[in-house]
Amino acid sequence: MVSWPHWIIVAIIMPMAGAVLTPIVSRKNDKAAPVWALFIMSLTSLAALFLIVRVAQEGPFSYLVGGWARPYGIELHFDEFSASIGIICLIGWLALLFSYHYVAESIPKPRIPYYYTLVLLNLTGMIGFVMTGDLFNLYVFMEILSLSAYALVAVSGERVAEMAAFKYLVMGAVSSLIILFSIGLLYAVTGSLNMADISTRLAGIESRLPVMLALAGMAMALMVKAAIFPLHIWLPDAHAIAPSPVSAILSGLVVKTGVFGLLRVYQIFYGAGTYELAGLNTTLIWLGAISIIMGAFFAIFQEDIKMMLAYSTISNVGYIVMGLGLASQYGIIGATVHIFNHALIKATLFLGAGALMYKTGYRTLTDLRGVGKAMPLTSMAMSIGAISIVGIPPTAGFLCKWYIALGAFQAGQPAFGFALVFGALFIFIYYIRMVNSFYFQPPTHPEILEVGEAPVSMLFPVLLLAALCLVMGILGRIPLSFIEPAVTRMLGG
Amino acid sequence: MKKALVAALLILAAIPLLLAVSELPPHGSASNATYTHVSAYYLEHGAEEAGAENIITDVILNYRGFDTNGEVTVIFTALAAVLAVLLLGDASTATEDKPSHSVSVVVSFIVRLLAPFIAMFAVYVIINGHISPGGGFQGGTILGALAIVLTLVLGEDEARRLLPERPKPWLQAAAPLTFIGIGLAGLTDTGFYLGFPTAEALSWIRTMWLLAIEIGIGVGGAAIIASIFWTMEAER
Amino acid sequence: MIEALWVNLDYAASVVLFLIGLYAVIAKDNLIKKFMGLNIMETAIFAFIVALGVVDGGDAPIMGEGARAPFTNPIPQALILTGIVVAVSTTALALSLIIRIYRQCGTIEADELREME
């Protein structure tokens, strides 16, 4: 069962077919769309499970689409990093479940089937993105996921949402074009589009300048996608204004594709072996550190709860990028596992915030005062999320941040280890503000005490994710040791 | 002030870019890596093993067919995105104050006269994509453009009849569905997704499959372009 | 360097076009103009990649009777067909957003929109 070779293609075409069939399925019955989408994602998750088990058992494997040998056809390559398909399926599934009641009230009715179509397409794009071994194919999947993400931001039809979506679209499209340009440069010097093939052929290239330009272009464009500090301006509006399940997907997963792309770029260039990456590494460390501090700094001043979470995403992606830039064993392991853990935590918080907004109708910290008594379970889940994101043991955020700090010492740059701790302090301040307003302040609106918990379809994802935040704190060693061989292989060249 | 600053920054950025492209392998030389590595293989074997005399069609639909599979999904995403952004709950908002079309009789007559020929040309482009320049996307675009021209001349209600409600969602999804269908057929036949039968004697099946994909892309592309236009038109 | 640039004039032209587009995206206030800038950038990149496939004296890579080597490189053309479709899709979505913004705000000038926020 596990060794059936076609699970990898099933994992891509299942959500793809599901997405294009969604408008057809829901033509007669509006309620069919969410059920159908959940059904499709369940099957996809099953395929993902088999893939992850297989990679754990036998290491990385490839699939040749159309049977054409590398580099003539398109190769799908599944390694330990691609196992992030697991978190994509998990968050995607829970966000779809959460959408069932949430979306019915918050977006215009005729748009609902297309909302589910776009969510499935977005997940398809991400699943393809993490599994493909071909540079141009990577671009195609990146476009599927970006295009659907722009539209999902605007789907509520509010004026601000459309403006945020346009800003997101312009920045996203420019960065996609820079990536395409870099792919063109790499193709010009190597004559190939297969990542592994490019990696081997790059070693023997004489003219270094185009290759370095391609590296710089890709790194910059992917940093736009990952919302690293000076390039983050599209993120806060887009993530705060999108419907909450979409925010969870955008913040938990879509932003990470930028980081994931950086990982792939690193794999290509470490594989080539002969390129000096110190400049890029230093840039990433510095920008990462600045993102941690600035993201946390701006988050402190936000009244809007989702705006605060959006800025917090910037600072957490800063951790991940810094870990990558440290280029030490611990740093990269910590960074990749933080991709996973941050997705869990941020999904908990965004979905929790969505549940609060759904029941109370308020979204600022002042308005939400006292909600801890009215919606104890949701508030508790969000508090667990807050503790995790600060990185207090024994929650999910602790181990990976600890590893990144260790990575800083291992790389001989202890100052950044301290920057990380300092950033965690900042983060602590604003999440304390959130917990404080939930539990310890008298309600601004007394009627808030009357509202009850959200329906099960919303409560269950929030509670499950919060529980996972705790479980991953205790079982945190499992993903760390799972990813270790891949990191060793990557750094070893 | 801001504009001058931006211009100055971009001129600065031009220097490394121009330096880098000047170091690329010389333009048009047949000894470039782009020409000697993968593409040499395509040019040598494409016509026999991939099923079409037009090597570009071979690359698009066979060697790199999975890219095109993603690409038709991108254009479907565009449709879903446009609908998700533009559709509204109440249908009343758009239709009221729209200026009525007043197209000159000459234009209207000429367009009606040309319409069947344009459609025929589109079909020709679609089904000849494997032996001549052309293919599904090109032909589909021509068909879509025809739908747009007819909308401008005949008015929206008349033109919308070109795409009946019942099969509409199927036609819009035609391209990805054909791809997945052919892909799965390849899976059962050769053991690879999007694998085409390899035997020498089966070259006609390869060509048929290519043709099926071209038609799927053509029909799907035209339906999507027309639907996007109509949705925007309704919101105008 | 100038000599090498002269040989690769096609690439250099694409780079210049790309930067012109980028200028429009950053400096123009009208959303449609911004987006036209993006389309110029797209065209620049497509021209760059297609130019990579040119071979001096090359013929269209269509086999069959009367075909004679050398042929141009088919890969960049195939890639750019995909690229064009992606560009069209982005354009469709961007125009829809502009329509909606215009309907709701009555303007598509970025500076006026900023004041309304």
# chains A, B, ... in the order shown; residues from 1 in each chain; ligands from 1
>>> interface_residues(of="chain B", to="chain C", cutoff="8 Å", atoms="only C-alpha atoms", output="number ranges by chain")
B: 2-3, 6-7, 10, 14, 17-19, 21-24, 26-30, 34-35, 39, 43, 47, 53-57, 59-60, 67-68, 71, 74-75, 77-79, 81-82, 85-86, 131-132, 228, 232, 235-236
>>> interface_residues(of="chain A", to="chain C", cutoff="7 Å", atoms="only C-alpha atoms", output="ChimeraX atom specification")
/A:147,159,162-163,166,177,181,184,188
>>> residues_around(residues="segment 279-293 of chain A", least_positions_apart="2", cutoff="8 Å", atoms="only C-alpha atoms", output="VMD selection string")
chain A and resid 216 228 to 229 276 to 277 295 to 297 314 to 327 416 419 to 420 422 to 423 426
>>> closest_atom_pairs(of="chain A", to="chain B", cutoff="8 Å", atoms="only C-alpha atoms", output="CSV")
residue,atom,partner,partner_atom,distance
A:Ile9,CA,B:Tyr193,CA,7.3
A:Ile13,CA,B:Ile180,CA,7.2
A:Met16,CA,B:Thr73,CA,7.6
A:Ala17,CA,B:Leu177,CA,7.0
A:Val20,CA,B:Ala173,CA,5.7
A:Leu21,CA,B:Ala173,CA,7.3
A:Pro23,CA,B:Pro169,CA,6.7
A:Ile24,CA,B:Pro169,CA,5.9
A:Leu64,CA,B:Phe192,CA,7.2
A:Val65,CA,B:Tyr193,CA,5.6
A:Gly66,CA,B:Gly195,CA,3.7
A:Gly67,CA,B:Phe192,CA,5.5
A:Trp68,CA,B:Tyr63,CA,6.8
A:Pro71,CA,B:Val38,CA,7.1
A:Tyr72,CA,B:Val38,CA,6.2
A:Gly73,CA,B:Tyr63,CA,5.0
A:Ile74,CA,B:Arg64,CA,6.0
A:Pro108,CA,B:Gly89,CA,5.3
A:Lys109,CA,B:Gly89,CA,5.8
A:Pro110,CA,B:Gly89,CA,6.1
A:Arg111,CA,B:Ala84,CA,4.9
A:Ile112,CA,B:Ala84,CA,7.7
A:Tyr114,CA,B:Ala84,CA,5.5
A:Tyr115,CA,B:Ala84,CA,6.4
A:Thr117,CA,B:Ala80,CA,7.0
A:Leu118,CA,B:Ala80,CA,6.6
A:Leu121,CA,B:Thr77,CA,7.0
A:Phe136,CA,B:Asp67,CA,7.6
A:Asn137,CA,B:Asp67,CA,5.6
A:Val140,CA,B:Gly70,CA,6.1
A:Phe141,CA,B:Gly70,CA,6.6
A:Glu143,CA,B:Val74,CA,6.9
A:Ile144,CA,B:Val74,CA,5.2
A:Leu147,CA,B:Thr77,CA,7.0
A:Ser148,CA,B:Thr77,CA,6.3
A:Ala151,CA,B:Ala81,CA,5.1
A:Leu152,CA,B:Ala81,CA,7.7
A:Ala154,CA,B:Val85,CA,6.3
A:Val155,CA,B:Val85,CA,5.5
A:Gly157,CA,B:Val85,CA,6.9
A:Tyr187,CA,B:Thr34,CA,6.7
A:Ala188,CA,B:Thr34,CA,5.7
A:Val189,CA,B:Ala33,CA,6.2
A:Thr190,CA,B:Ala33,CA,5.6
A:Gly191,CA,B:Thr34,CA,3.6
A:Ser192,CA,B:Val38,CA,6.4
A:Ser207,CA,B:Glu23,CA,6.3
A:Leu209,CA,B:Ala20,CA,5.2
A:Pro210,CA,B:Ala20,CA,4.7
A:Leu213,CA,B:Ala20,CA,6.8
>>> atom_distance(atom1="atom CA of Ser388 of chain A", atom2="atom CA of Arg264 of chain A")
27.7 Å
>>> select_by_dssp(residues="segment 32-133 of chain B", states="helix (DSSP H, G or I)", output="PDB file with C-alpha atoms, in the first residue's frame")
ATOM      1  CA  ALA B  33      24.112  25.047 -23.260  1.00  0.00           C
ATOM      2  CA  THR B  34      20.464  25.858 -23.932  1.00  0.00           C
ATOM      3  CA  TYR B  35      20.822  24.359 -27.363  1.00  0.00           C
ATOM      4  CA  THR B  36      23.109  21.384 -26.792  1.00  0.00           C
ATOM      5  CA  VAL B  38      17.894  19.009 -23.347  1.00  0.00           C
ATOM      6  CA  SER B  39      16.566  20.651 -26.487  1.00  0.00           C
ATOM      7  CA  ALA B  40      18.966  18.710 -28.705  1.00  0.00           C
ATOM      8  CA  TYR B  41      17.350  15.535 -27.460  1.00  0.00           C
ATOM      9  CA  TYR B  42      13.874  16.898 -28.162  1.00  0.00           C
ATOM     10  CA  LEU B  43      14.778  17.963 -31.677  1.00  0.00           C
ATOM     11  CA  GLU B  44      16.356  14.631 -32.434  1.00  0.00           C
ATOM     12  CA  HIS B  45      13.742  12.276 -31.024  1.00  0.00           C
ATOM     13  CA  GLY B  46      10.626  14.400 -30.592  1.00  0.00           C
ATOM     14  CA  ALA B  47       8.959  13.703 -33.914  1.00  0.00           C
ATOM     15  CA  GLU B  48       9.190   9.902 -33.532  1.00  0.00           C
ATOM     16  CA  GLU B  49       8.616   9.295 -29.863  1.00  0.00           C
ATOM     17  CA  ILE B  55       8.297  19.800 -31.565  1.00  0.00           C
ATOM     18  CA  ILE B  56       6.846  22.668 -29.555  1.00  0.00           C
ATOM     19  CA  THR B  57       3.594  20.736 -29.297  1.00  0.00           C
ATOM     20  CA  ASP B  58       5.606  17.702 -28.194  1.00  0.00           C
ATOM     21  CA  VAL B  59       7.261  19.710 -25.456  1.00  0.00           C
ATOM     22  CA  ILE B  60       4.052  21.370 -24.297  1.00  0.00           C
ATOM     23  CA  LEU B  61       1.809  18.338 -24.265  1.00  0.00           C
ATOM     24  CA  ASN B  62       4.108  15.392 -23.850  1.00  0.00           C
ATOM     25  CA  TYR B  63       7.612  15.953 -22.476  1.00  0.00           C
ATOM     26  CA  GLY B  65       2.844  17.971 -20.239  1.00  0.00           C
ATOM     27  CA  PHE B  66       2.613  18.294 -16.485  1.00  0.00           C
ATOM     28  CA  ASP B  67       3.481  21.996 -16.773  1.00  0.00           C
ATOM     29  CA  THR B  68       0.606  22.455 -19.150  1.00  0.00           C
ATOM     30  CA  ASN B  69      -1.605  20.506 -16.799  1.00  0.00           C
ATOM     31  CA  GLY B  70      -0.741  23.090 -14.167  1.00  0.00           C
ATOM     32  CA  GLU B  71      -1.169  25.881 -16.666  1.00  0.00           C
ATOM     33  CA  VAL B  72      -4.751  24.980 -17.553  1.00  0.00           C
ATOM     34  CA  THR B  73      -5.364  24.867 -13.811  1.00  0.00           C
ATOM     35  CA  VAL B  74      -3.990  28.407 -13.587  1.00  0.00           C
ATOM     36  CA  ILE B  75      -6.475  29.655 -16.147  1.00  0.00           C
ATOM     37  CA  PHE B  76      -9.270  27.825 -14.356  1.00  0.00           C
ATOM     38  CA  THR B  77      -8.061  29.527 -11.178  1.00  0.00           C
ATOM     39  CA  ALA B  78      -8.395  32.845 -13.003  1.00  0.00           C
ATOM     40  CA  LEU B  79     -12.019  32.057 -13.784  1.00  0.00           C
ATOM     41  CA  ALA B  80     -12.798  31.029 -10.215  1.00  0.00           C
ATOM     42  CA  ALA B  81     -10.963  34.112  -8.952  1.00  0.00           C
ATOM     43  CA  VAL B  82     -12.861  36.500 -11.222  1.00  0.00           C
ATOM     44  CA  LEU B  83     -16.182  34.934 -10.253  1.00  0.00           C
ATOM     45  CA  ALA B  84     -15.296  34.986  -6.561  1.00  0.00           C
ATOM     46  CA  VAL B  85     -14.352  38.659  -6.786  1.00  0.00           C
ATOM     47  CA  LEU B  86     -17.157  39.914  -9.011  1.00  0.00           C
ATOM     48  CA  SER B  92     -30.245  43.974  -9.480  1.00  0.00           C
ATOM     49  CA  THR B  93     -27.209  46.236  -9.072  1.00  0.00           C
ATOM     50  CA  ALA B  94     -25.620  45.796 -12.425  1.00  0.00           C
ATOM     51  CA  THR B  95     -28.288  45.643 -15.080  1.00  0.00           C
ATOM     52  CA  VAL B 105     -25.256  48.261 -39.182  1.00  0.00           C
ATOM     53  CA  VAL B 106     -22.140  47.785 -41.282  1.00  0.00           C
ATOM     54  CA  VAL B 107     -20.023  46.563 -38.384  1.00  0.00           C
ATOM     55  CA  SER B 108     -22.796  44.323 -37.188  1.00  0.00           C
ATOM     56  CA  PHE B 109     -23.313  42.817 -40.637  1.00  0.00           C
ATOM     57  CA  ILE B 110     -19.616  42.238 -41.248  1.00  0.00           C
ATOM     58  CA  VAL B 111     -19.105  40.582 -37.881  1.00  0.00           C
ATOM     59  CA  ARG B 112     -22.072  38.277 -38.435  1.00  0.00           C
ATOM     60  CA  LEU B 113     -20.740  37.472 -41.871  1.00  0.00           C
ATOM     61  CA  LEU B 114     -17.270  36.691 -40.586  1.00  0.00           C
ATOM     62  CA  ALA B 115     -18.321  34.767 -37.479  1.00  0.00           C
ATOM     63  CA  PRO B 116     -18.556  31.288 -39.065  1.00  0.00           C
ATOM     64  CA  PHE B 117     -15.225  31.775 -40.792  1.00  0.00           C
ATOM     65  CA  ILE B 118     -13.545  32.898 -37.590  1.00  0.00           C
ATOM     66  CA  ALA B 119     -14.967  29.834 -35.856  1.00  0.00           C
ATOM     67  CA  MET B 120     -13.720  27.604 -38.634  1.00  0.00           C
ATOM     68  CA  PHE B 121     -10.267  29.153 -38.453  1.00  0.00           C
ATOM     69  CA  ALA B 122     -10.213  28.542 -34.715  1.00  0.00           C
ATOM     70  CA  VAL B 123     -11.081  24.890 -35.193  1.00  0.00           C
ATOM     71  CA  TYR B 124      -8.402  24.610 -37.877  1.00  0.00           C
ATOM     72  CA  VAL B 125      -5.795  26.078 -35.547  1.00  0.00           C
ATOM     73  CA  ILE B 126      -6.814  23.709 -32.759  1.00  0.00           C
ATOM     74  CA  ILE B 127      -6.754  20.477 -34.727  1.00  0.00           C
TER      75      ILE B 127
END
>>> atom_distance(atom1="atom CA of Gly407 of chain A", atom2="atom CA of Thr257 of chain A")
22.2 Å
>>> atom_distance(atom1="atom CA of Ala408 of chain A", atom2="atom CA of Ala278 of chain A")
14.6 Å
>>> residues_around(residues="segment 43-49 of chain A", least_positions_apart="6", cutoff="6 Å", atoms="only C-alpha atoms", output="PyMOL selection string")
chain A and resi 7+11+86+89
>>> residues_around(residues="Tyr168 of chain A", least_positions_apart="2", cutoff="12 Å", atoms="only C-alpha atoms", output="number ranges by chain")
A: 146-154, 161-166, 170-176, 224-225, 227, 231-239, 241-242, 250, 255; C: 90, 93-94, 97
